Amino acid sequence: MNSNAGPVIKDLVLVGGGHAHVLVLKRFGMRPMPGVRLTLVTRDIDAPYSGMLPGFVSGHYSRGQCHIDLRRLAGFAGARLYHDEATGLDLGAKQVLCSGRPAVRYDVASIDIGSRPRQDDVPGASLYATGVKPIDRLIGRWEQLVARVLQRVGPTRVGVVGGGAAGVELAFAVQYRLRKEVAAAGRDPGLVNVGLVTMGKILPAYASGARRILMRLLKERGVDVYTDREVIEVKSGRLLCADGEEMPFDEVLWVTQAGAAPWLRTTGLECDDSGFVRVRDTLQSVTDPAVFAAGDVASVAGHPRPKAGVFAVRQGQPLAENLRRVLLGQPPLPFRPQKHFLSLISVGDRRAVASRWGWAMEGAAVWRLKDWIDRRFMKQFGDLPEMAEAPAAAPAPGLAGPEALKELSVMASRCGGCGAKVGHTVLSRVIGRLRPGASKDVLIGLDAPDDAAVVRVPEGRVMVHTVDFFRTMIDDPYLFGQIAANHSLGDIFAMGAEPQTALAIATVPYGLETKMEDDLFQMMSGALRILDGAGAALVGGHTGEGAELGLGFAINGTAAEKDLLRKGPMAPRDTLLLTKPVGTGTLFAAAMRHKAKGRWIEAALDSMLLSSREAARCLHRFRASACTDVTGFGLIGHLVEMIRQSDVDIALDLNAIPFLDGALDMVAAGIFSSLQPQNVRLRRAVENLESVMTDPRFPLLFDPQTAGGLLAAVPGDRAAACVAELKALGYPAAAIVGRVLPRSERLAPLMILR
């Protein structure tokens, strides 16, 4: 997590996790820029490395070996990671438009989102063919294709459309892997036939020597090559060509000329005929010098180059340097991409063909060279060095203009008390942009702010109040706002109530007024998404300056008194249910140290964003006798609270408790939340402590949870049906985790079974 130790002067936003941008992140991590806040907007958390894609298809590399963990890399770089897809740019407002969140403001932006095959130009291609790009989407589709081939009884014909280097390499890889899989299943590998279909000749940009070697190898391997075939339509099971020929294929992979994301043409940036952003040799857009582009998405004026990963990699260093220079008000430096590069084309098995300057060679040694180059590239993103926490440094000269310097001088001595409140102008602008939902019970709220909100109490209902607050554990204020609101609503749902209103308590890092406003707007936008969805009207709150983002809510709910759920008493022969997995504390402690895998954190975030509203209603329908939400005190801590209100014993089944992916790995590595030691003191409630404390899962019973699940006791004869309904409602980890027993003579009430 970015500590944001100093005031933010400028925002650098990277759009996409392409090869150039991962190198920018690495360089900014090694040499941060005080005063610059770095944000990565990415659709994908694991960025595939194109150089290893054929090896993955061939089965030589695992998925993990050929992907860069962007969340971990962003954490190392001190960058905020926004997991969303960019859909446009507003050049005037300097904003990146996104599909599922508020726009992201920038001072300098860079685009590296790659390219995609032009499937839309050919009817049926998007529907019946598997596009190779975006690469991340190929991975899952390829695994599905392999499964379909193995399920097919008769022969399989696979067509690869596109005769460039990528198409040729993929044809070799597809044939090698599918024949190997079919043979392993005890069937004839000759049942798999691969055809390479191209509009002209294969490898038109390559010298005759390389083309001759690869044509010979294609023939030796039995790959059918169809040249001068213009595919004009793709139908289920066949390709239609311009000359009227129909080519039968059971599966089609599309590797034709690259195209650009359609939204690039709508930005106002000048693009070439293919829709790629025209950039100068400084990698700045020819339209707007505050916008850069690199990799496949960029078309460098005066230096046309094919769309190849090698160019994106080579642009990483000059892009990082020019981003720094422009942020500092210095002139950028020109970059001239190389004309010639070593081309290494793998041919399915552990052999490859090398080509440069007209010469070519083949063999296992060439593949070993390619493998060494690719692994070396990936190693720099896997072996991230430990970075010591540096003290806040003054922004570099040139980063801040006169107005910003004036604001910075005021920041040098911040007031306390009410002097630490966020200014009225900022608050007014944010509230004006938020548009919180309304409620018929709110008599005075944010639509006409007063000294306090006034809310009507519905007749026949009782009031349920709760309050919660914590500092952020992630660098995305929009996502944090959602989590904070969801966490705060948990107590309301656990007691069987419905949310009515919410008062916010927020802290925002001090900084330039525009940066504070954007942070507050992003955070409260996320919170409103959850509050509005839960039916809780935001009626006011308090916002102050702090060292980092923090957010909480005083939530008011209502319930029929007879429907209230409490922590007890539980009844003997009840069954304990848990609706969500455990492990957020250790995972986010690991994320702060850049030790957690990005996919682990994504799964934890999905769990934290899952509302307990429907789970609570389900538990009520199944006559739950007691309920609580599992949060800061951990599973054992909250279970002990339930036991204290019930004269019972508990048998907790350690084998049945669901844990988040990666949580056990991080506990095994000795990584715990800072609250863990206090929670562990409750181990005295465990009767058989000595026999279970060595179990690797035992520490997770004390792991503090954020926006955790509900822990409830339901009648034993209803438990299985309740879990089934919870799963159907979208709680896949819901499980029976224990039994309620009559109170015995045991010294401690809790027995852990394993």
# chains A, B, ... in the order shown; residues from 1 in each chain; ligands from 1
>>> residues_around(residues="Val24 of chain A", least_positions_apart="3", cutoff="7 Å", atoms="only C-alpha atoms", output="list of chain:residue names")
A:Ala20, A:His21, A:Arg27, A:Phe28, A:Gly316, A:Gln317, A:Ala320
>>> write_last_selection(atoms="N, CA and C atoms", output="PDB file, in the first residue's frame")
ATOM      1  N   ALA A  20       5.494  -2.179 -21.740  1.00  0.00           N
ATOM      2  CA  ALA A  20       6.192  -0.929 -21.431  1.00  0.00           C
ATOM      3  C   ALA A  20       5.821  -0.433 -20.039  1.00  0.00           C
ATOM      4  N   HIS A  21       4.558  -0.542 -19.682  1.00  0.00           N
ATOM      5  CA  HIS A  21       4.106  -0.038 -18.386  1.00  0.00           C
ATOM      6  C   HIS A  21       4.628  -0.852 -17.213  1.00  0.00           C
ATOM      7  N   ARG A  27      10.632   0.725 -12.603  1.00  0.00           N
ATOM      8  CA  ARG A  27      11.593   1.828 -12.465  1.00  0.00           C
ATOM      9  C   ARG A  27      11.122   2.861 -11.444  1.00  0.00           C
ATOM     10  N   PHE A  28       9.833   3.128 -11.395  1.00  0.00           N
ATOM     11  CA  PHE A  28       9.337   4.072 -10.394  1.00  0.00           C
ATOM     12  C   PHE A  28       9.414   3.466  -8.995  1.00  0.00           C
ATOM     13  N   GLY A 316      10.070   0.716 -22.737  1.00  0.00           N
ATOM     14  CA  GLY A 316       9.862   0.883 -21.307  1.00  0.00           C
ATOM     15  C   GLY A 316      10.777   1.906 -20.666  1.00  0.00           C
ATOM     16  N   GLN A 317      12.068   1.801 -20.926  1.00  0.00           N
ATOM     17  CA  GLN A 317      13.035   2.720 -20.302  1.00  0.00           C
ATOM     18  C   GLN A 317      12.865   4.162 -20.787  1.00  0.00           C
ATOM     19  N   ALA A 320       9.625   5.663 -19.288  1.00  0.00           N
ATOM     20  CA  ALA A 320       9.756   6.031 -17.875  1.00  0.00           C
ATOM     21  C   ALA A 320      10.536   7.329 -17.723  1.00  0.00           C
TER      22      ALA A 320
END
>>> residues_around(residues="Val252 of chain A", least_positions_apart="3", cutoff="8 Å", atoms="only C-alpha atoms", output="list in words")
Tyr128, Ala129, Thr130, Val158, Gly159, Val160, Val161 and Phe249 of chain A
>>> select_by_dssp(residues="segment 151-382 of chain A", states="strand (DSSP E or B)", output="ChimeraX atom specification")
/A:156-161,192-197,224-226,231-235,238-241,246-248,251-254,258-259,271,277-279,284-285,291-293,298-300,343-347,349-356,359-363
>>> closest_residue(among="A:Trp359, A:Phe698, A:Phe377, A:Tyr176", to="Leu635 of chain A", atoms="only C-alpha atoms")
A:Phe698
>>> closest_residue(among="A:Leu150, A:Phe172, A:Ala453, A:Ile113", to="Ala184 of chain A", atoms="only C-alpha atoms")
A:Leu150
>>> residues_around(residues="Cys241 of chain A", least_positions_apart="3", cutoff="7 Å", atoms="only C-alpha atoms", output="VMD selection string")
chain A and resid 229 to 232 244 to 246
>>> write_last_selection(atoms="N, CA and C atoms", output="tab-separated table (two decimals), in the first residue's frame")
chain	number	residue	atom	x	y	z
A	229	ARG	N	-5.52	-17.27	-49.35
A	229	ARG	CA	-6.91	-17.54	-49.00
A	229	ARG	C	-7.43	-16.36	-48.18
A	230	GLU	N	-8.29	-15.56	-48.75
A	230	GLU	CA	-8.89	-14.44	-48.02
A	230	GLU	C	-10.19	-14.91	-47.37
A	231	VAL	N	-10.20	-14.97	-46.05
A	231	VAL	CA	-11.38	-15.41	-45.34
A	231	VAL	C	-12.36	-14.24	-45.27
A	232	ILE	N	-13.58	-14.44	-45.77
A	232	ILE	CA	-14.57	-13.36	-45.78
A	232	ILE	C	-15.71	-13.61	-44.80
A	244	GLY	N	-14.81	-18.46	-53.02
A	244	GLY	CA	-15.93	-19.39	-52.93
A	244	GLY	C	-15.60	-20.69	-52.22
A	245	GLU	N	-14.33	-20.93	-51.92
A	245	GLU	CA	-13.96	-22.17	-51.24
A	245	GLU	C	-14.46	-22.17	-49.79
A	246	GLU	N	-14.93	-23.31	-49.32
A	246	GLU	CA	-15.30	-23.51	-47.92
A	246	GLU	C	-14.31	-24.46	-47.28
>>> residues_around(residues="Arg80 of chain A", least_positions_apart="3", cutoff="10 Å", atoms="only C-alpha atoms", output="number ranges by chain")
A: 1-2, 13, 37-41, 71, 74-75, 77, 83, 474-477
>>> write_last_selection(atoms="N, CA and C atoms", output="compact mmCIF listing (two decimals), in the first residue's frame")
# COMPACT_ATOMS: atom_id res chain seq x y z
N MET A 1 0.84 -1.20 0.00
CA MET A 1 0.00 0.00 0.00
C MET A 1 0.88 1.24 0.00
N ASN A 2 0.50 2.20 -0.80
CA ASN A 2 1.21 3.45 -0.88
C ASN A 2 1.00 4.25 0.40
N VAL A 13 -1.10 8.71 -14.44
CA VAL A 13 -2.02 7.58 -14.59
C VAL A 13 -1.56 6.73 -15.77
N ARG A 37 1.88 10.99 -7.59
CA ARG A 37 1.08 9.82 -7.25
C ARG A 37 0.86 9.01 -8.52
N LEU A 38 1.21 7.76 -8.45
CA LEU A 38 1.14 6.87 -9.60
C LEU A 38 -0.10 5.98 -9.47
N THR A 39 -0.88 5.89 -10.55
CA THR A 39 -2.09 5.07 -10.57
C THR A 39 -2.08 4.20 -11.82
N LEU A 40 -2.37 2.91 -11.64
CA LEU A 40 -2.49 1.99 -12.77
C LEU A 40 -3.95 1.60 -12.92
N VAL A 41 -4.53 1.89 -14.08
CA VAL A 41 -5.89 1.47 -14.41
C VAL A 41 -5.76 0.27 -15.33
N ARG A 71 -0.84 -6.49 -9.33
CA ARG A 71 -1.15 -5.93 -8.01
C ARG A 71 0.11 -5.90 -7.15
N ALA A 74 2.44 -3.20 -8.62
CA ALA A 74 1.95 -1.85 -8.30
C ALA A 74 2.25 -1.51 -6.85
N GLY A 75 2.08 -2.50 -5.95
CA GLY A 75 2.41 -2.25 -4.55
C GLY A 75 3.88 -1.91 -4.37
N ALA A 77 5.74 -0.49 -6.58
CA ALA A 77 5.97 0.83 -7.17
C ALA A 77 5.31 1.95 -6.38
N HIS A 83 -8.72 -1.66 -10.56
CA HIS A 83 -9.07 -2.82 -11.39
C HIS A 83 -10.34 -2.51 -12.17
N ILE A 474 -6.14 -0.52 1.26
CA ILE A 474 -5.85 -0.57 -0.17
C ILE A 474 -5.71 0.85 -0.68
N ASP A 475 -5.15 1.00 -1.86
CA ASP A 475 -4.87 2.33 -2.41
C ASP A 475 -5.93 2.84 -3.36
N ASP A 476 -7.02 2.11 -3.52
CA ASP A 476 -8.10 2.53 -4.39
C ASP A 476 -9.20 3.13 -3.52
N PRO A 477 -9.36 4.46 -3.50
CA PRO A 477 -10.36 5.06 -2.61
C PRO A 477 -11.78 4.66 -2.96
>>> residues_around(residues="segment 263-278 of chain A", least_positions_apart="6", cutoff="12 Å", atoms="only C-alpha atoms", output="PyMOL selection string")
chain A and resi 15+85-99+110-118+121+257+284-304+307
>>> write_last_selection(atoms="C-alpha atoms", output="PDB file, in the first residue's frame")
ATOM      1  CA  VAL A  15      -3.768   3.003 -18.610  1.00  0.00           C
ATOM      2  CA  GLU A  85     -11.321  -1.136 -17.945  1.00  0.00           C
ATOM      3  CA  ALA A  86     -10.644   2.260 -19.505  1.00  0.00           C
ATOM      4  CA  THR A  87     -13.293   3.335 -22.005  1.00  0.00           C
ATOM      5  CA  GLY A  88     -12.076   6.777 -23.043  1.00  0.00           C
ATOM      6  CA  LEU A  89     -10.209   9.984 -22.272  1.00  0.00           C
ATOM      7  CA  ASP A  90     -11.569  13.450 -21.569  1.00  0.00           C
ATOM      8  CA  LEU A  91      -8.637  15.571 -22.716  1.00  0.00           C
ATOM      9  CA  GLY A  92     -10.191  18.832 -21.561  1.00  0.00           C
ATOM     10  CA  ALA A  93     -10.925  17.666 -18.006  1.00  0.00           C
ATOM     11  CA  LYS A  94      -7.804  15.465 -17.993  1.00  0.00           C
ATOM     12  CA  GLN A  95      -9.709  12.356 -16.973  1.00  0.00           C
ATOM     13  CA  VAL A  96      -9.510   8.658 -17.806  1.00  0.00           C
ATOM     14  CA  LEU A  97     -13.057   7.353 -18.284  1.00  0.00           C
ATOM     15  CA  CYS A  98     -13.750   3.883 -16.894  1.00  0.00           C
ATOM     16  CA  SER A  99     -16.515   1.319 -17.310  1.00  0.00           C
ATOM     17  CA  SER A 110       0.162   7.000 -20.634  1.00  0.00           C
ATOM     18  CA  ILE A 111      -1.674   4.336 -22.651  1.00  0.00           C
ATOM     19  CA  ASP A 112      -0.350   0.790 -23.105  1.00  0.00           C
ATOM     20  CA  ILE A 113      -3.367  -1.473 -23.634  1.00  0.00           C
ATOM     21  CA  GLY A 114      -2.041  -3.603 -26.498  1.00  0.00           C
ATOM     22  CA  SER A 115      -3.903  -4.534 -29.661  1.00  0.00           C
ATOM     23  CA  ARG A 116      -6.435  -7.094 -30.797  1.00  0.00           C
ATOM     24  CA  PRO A 117      -7.064  -9.009 -34.047  1.00  0.00           C
ATOM     25  CA  ARG A 118      -9.517  -7.365 -36.424  1.00  0.00           C
ATOM     26  CA  ASP A 121     -14.092  -6.852 -40.046  1.00  0.00           C
ATOM     27  CA  GLN A 257      -3.408  -8.097 -38.479  1.00  0.00           C
ATOM     28  CA  GLN A 284       3.934  11.748 -26.608  1.00  0.00           C
ATOM     29  CA  SER A 285       0.697  12.031 -28.544  1.00  0.00           C
ATOM     30  CA  VAL A 286       0.990  14.391 -31.497  1.00  0.00           C
ATOM     31  CA  THR A 287      -2.294  15.913 -30.252  1.00  0.00           C
ATOM     32  CA  ASP A 288      -1.698  16.338 -26.519  1.00  0.00           C
ATOM     33  CA  PRO A 289       1.796  16.314 -24.950  1.00  0.00           C
ATOM     34  CA  ALA A 290       0.290  15.299 -21.577  1.00  0.00           C
ATOM     35  CA  VAL A 291      -0.736  11.925 -23.058  1.00  0.00           C
ATOM     36  CA  PHE A 292       1.809   9.234 -23.920  1.00  0.00           C
ATOM     37  CA  ALA A 293       1.316   5.894 -25.676  1.00  0.00           C
ATOM     38  CA  ALA A 294       3.570   2.856 -26.011  1.00  0.00           C
ATOM     39  CA  GLY A 295       3.573  -0.718 -27.228  1.00  0.00           C
ATOM     40  CA  ASP A 296       1.135  -1.986 -29.841  1.00  0.00           C
ATOM     41  CA  VAL A 297      -1.289   0.874 -29.203  1.00  0.00           C
ATOM     42  CA  ALA A 298       1.256   3.477 -30.360  1.00  0.00           C
ATOM     43  CA  SER A 299       2.136   4.427 -33.930  1.00  0.00           C
ATOM     44  CA  VAL A 300       5.457   6.286 -33.849  1.00  0.00           C
ATOM     45  CA  ALA A 301       5.472   9.011 -36.506  1.00  0.00           C
ATOM     46  CA  GLY A 302       8.300   8.476 -39.001  1.00  0.00           C
ATOM     47  CA  HIS A 303       9.216   5.068 -37.543  1.00  0.00           C
ATOM     48  CA  PRO A 304       6.668   2.443 -38.664  1.00  0.00           C
ATOM     49  CA  LYS A 307       3.293  -4.958 -33.731  1.00  0.00           C
TER      50      LYS A 307
END
>>> closest_residue(among="A:Leu577, A:Leu565, A:Ile752, A:Leu660", to="Arg718 of chain A", atoms="only C-alpha atoms")
A:Leu577
>>> closest_residue(among="A:Gly29, A:Gly598, A:Gly432, A:Pro449", to="Asp44 of chain A", atoms="only C-alpha atoms")
A:Gly598
>>> residues_around(residues="Leu479 of chain A", least_positions_apart="5", cutoff="12 Å", atoms="only C-alpha atoms", output="PyMOL selection string")
chain A and resi 80-84+100-102+472-474+484-486+519+521-530+549+551+602+605-606+608-609
>>> atom_distance(atom1="atom CA of Leu240 of chain A", atom2="atom CA of Leu191 of chain A")
23.3 Å
>>> residues_around(residues="Met30 of chain A", least_positions_apart="5", cutoff="9 Å", atoms="only C-alpha atoms", output="PyMOL selection string")
chain A and resi 25+76-77+385+387
>>> write_last_selection(atoms="C-alpha atoms", output="CSV table (one decimal), in the first residue's frame")
chain,number,residue,atom,x,y,z
A,25,LEU,CA,6.3,0.5,-12.7
A,76,PHE,CA,6.2,-2.3,-5.0
A,77,ALA,CA,6.0,0.8,-7.2
A,385,PRO,CA,13.7,-6.3,-3.8
A,387,MET,CA,12.4,-1.5,-0.2
>>> closest_residue(among="A:Asp441, A:Val146, A:Gly557, A:Val648", to="Ser488 of chain A", atoms="only C-alpha atoms")
A:Gly557
>>> select_by_dssp(residues="segment 223-419 of chain A", states="alpha helix (DSSP H)", output="compact mmCIF listing (two decimals) with N, CA and C atoms, in the first residue's frame")
# COMPACT_ATOMS: atom_id res chain seq x y z
N GLY A 309 6.12 -7.59 -29.40
CA GLY A 309 6.40 -7.31 -27.99
C GLY A 309 7.77 -6.72 -27.75
N VAL A 310 8.72 -7.03 -28.63
CA VAL A 310 10.08 -6.54 -28.42
C VAL A 310 10.13 -5.02 -28.44
N PHE A 311 9.27 -4.39 -29.25
CA PHE A 311 9.28 -2.93 -29.32
C PHE A 311 8.70 -2.32 -28.05
N ALA A 312 7.67 -2.95 -27.50
CA ALA A 312 7.09 -2.45 -26.24
C ALA A 312 8.11 -2.55 -25.12
N VAL A 313 8.84 -3.64 -25.07
CA VAL A 313 9.85 -3.81 -24.02
C VAL A 313 10.93 -2.74 -24.16
N ARG A 314 11.38 -2.49 -25.38
CA ARG A 314 12.43 -1.49 -25.60
C ARG A 314 11.94 -0.08 -25.28
N GLN A 315 10.65 0.15 -25.35
CA GLN A 315 10.12 1.49 -25.06
C GLN A 315 9.97 1.76 -23.56
N GLY A 316 10.07 0.72 -22.74
CA GLY A 316 9.86 0.88 -21.31
C GLY A 316 10.78 1.91 -20.67
N GLN A 317 12.07 1.80 -20.93
CA GLN A 317 13.04 2.72 -20.30
C GLN A 317 12.86 4.16 -20.79
N PRO A 318 12.83 4.41 -22.10
CA PRO A 318 12.64 5.82 -22.53
C PRO A 318 11.28 6.38 -22.11
N LEU A 319 10.25 5.54 -22.05
CA LEU A 319 8.95 6.02 -21.60
C LEU A 319 9.03 6.48 -20.15
N ALA A 320 9.63 5.66 -19.29
CA ALA A 320 9.76 6.03 -17.88
C ALA A 320 10.54 7.33 -17.72
N GLU A 321 11.61 7.48 -18.48
CA GLU A 321 12.44 8.68 -18.38
C GLU A 321 11.68 9.91 -18.85
N ASN A 322 10.96 9.80 -19.96
CA ASN A 322 10.23 10.97 -20.47
C ASN A 322 9.03 11.32 -19.60
N LEU A 323 8.41 10.34 -18.98
CA LEU A 323 7.34 10.66 -18.04
C LEU A 323 7.88 11.49 -16.88
N ARG A 324 9.04 11.11 -16.38
CA ARG A 324 9.67 11.89 -15.30
C ARG A 324 9.97 13.31 -15.76
N ARG A 325 10.53 13.42 -16.94
CA ARG A 325 10.95 14.74 -17.42
C ARG A 325 9.75 15.66 -17.62
N VAL A 326 8.69 15.15 -18.19
CA VAL A 326 7.51 15.98 -18.43
C VAL A 326 6.87 16.39 -17.10
N LEU A 327 6.82 15.48 -16.14
CA LEU A 327 6.27 15.81 -14.82
C LEU A 327 7.07 16.92 -14.15
N ALA A 364 17.56 -26.90 -30.92
CA ALA A 364 17.23 -26.87 -29.50
C ALA A 364 17.98 -25.75 -28.79
N ALA A 365 19.20 -25.43 -29.26
CA ALA A 365 19.98 -24.37 -28.63
C ALA A 365 19.29 -23.01 -28.79
N VAL A 366 18.62 -22.82 -29.91
CA VAL A 366 17.90 -21.56 -30.13
C VAL A 366 16.73 -21.46 -29.14
N TRP A 367 16.04 -22.59 -28.92
CA TRP A 367 14.94 -22.56 -27.94
C TRP A 367 15.46 -22.27 -26.54
N ARG A 368 16.60 -22.85 -26.20
CA ARG A 368 17.17 -22.59 -24.87
C ARG A 368 17.53 -21.12 -24.72
N LEU A 369 18.01 -20.49 -25.80
CA LEU A 369 18.31 -19.06 -25.75
C LEU A 369 17.02 -18.26 -25.53
N LYS A 370 15.98 -18.60 -26.28
CA LYS A 370 14.70 -17.91 -26.12
C LYS A 370 14.15 -18.11 -24.71
N ASP A 371 14.23 -19.32 -24.21
CA ASP A 371 13.74 -19.62 -22.87
C ASP A 371 14.52 -18.80 -21.83
N TRP A 372 15.82 -18.67 -21.99
CA TRP A 372 16.65 -17.91 -21.05
C TRP A 372 16.28 -16.42 -21.09
N ILE A 373 16.08 -15.88 -22.29
CA ILE A 373 15.71 -14.47 -22.44
C ILE A 373 14.36 -14.20 -21.79
N ASP A 374 13.39 -15.08 -22.06
CA ASP A 374 12.04 -14.88 -21.52
C ASP A 374 12.02 -15.00 -20.00
N ARG A 375 12.71 -16.00 -19.47
CA ARG A 375 12.73 -16.17 -18.01
C ARG A 375 13.47 -15.02 -17.33
N ARG A 376 14.49 -14.51 -17.97
CA ARG A 376 15.22 -13.38 -17.39
C ARG A 376 14.32 -12.15 -17.33
N PHE A 377 13.54 -11.94 -18.38
CA PHE A 377 12.62 -10.80 -18.38
C PHE A 377 11.60 -10.93 -17.25
N MET A 378 11.03 -12.11 -17.08
CA MET A 378 10.01 -12.33 -16.06
C MET A 378 10.59 -12.29 -14.65
N LYS A 379 11.83 -12.69 -14.50
CA LYS A 379 12.45 -12.76 -13.17
C LYS A 379 12.48 -11.40 -12.48
N GLN A 380 12.63 -10.34 -13.24
CA GLN A 380 12.73 -9.01 -12.63
C GLN A 380 11.41 -8.56 -11.99
N PHE A 381 10.30 -9.21 -12.37
CA PHE A 381 9.02 -8.86 -11.76
C PHE A 381 8.61 -9.86 -10.68
N GLY A 382 9.31 -10.99 -10.62
CA GLY A 382 9.04 -11.95 -9.56
C GLY A 382 9.92 -11.72 -8.36
N PRO A 402 3.72 27.80 -9.27
CA PRO A 402 3.60 28.85 -8.24
C PRO A 402 2.39 28.67 -7.33
N GLU A 403 1.22 28.35 -7.92
CA GLU A 403 0.02 28.19 -7.10
C GLU A 403 0.14 27.00 -6.17
N ALA A 404 0.70 25.89 -6.70
CA ALA A 404 0.88 24.70 -5.87
C ALA A 404 1.88 24.97 -4.75
N LEU A 405 2.94 25.72 -5.06
CA LEU A 405 3.93 26.05 -4.02
C LEU A 405 3.30 26.89 -2.92
N LYS A 406 2.37 27.76 -3.30
CA LYS A 406 1.69 28.58 -2.30
C LYS A 406 0.85 27.70 -1.38
N GLU A 407 0.13 26.74 -1.96
CA GLU A 407 -0.66 25.82 -1.14
C GLU A 407 0.25 24.97 -0.25
N LEU A 408 1.39 24.55 -0.80
CA LEU A 408 2.31 23.72 -0.02
C LEU A 408 2.86 24.47 1.19
N SER A 409 3.08 25.74 1.03
CA SER A 409 3.61 26.52 2.15
C SER A 409 2.60 26.59 3.29
N VAL A 410 1.31 26.63 2.93
CA VAL A 410 0.26 26.64 3.96
C VAL A 410 0.20 25.29 4.66
N MET A 411 0.46 24.21 3.91
CA MET A 411 0.40 22.86 4.48
C MET A 411 1.48 22.61 5.52
>>> atom_distance(atom1="atom CA of Leu700 of chain A", atom2="atom CA of Ile636 of chain A")
9.3 Å
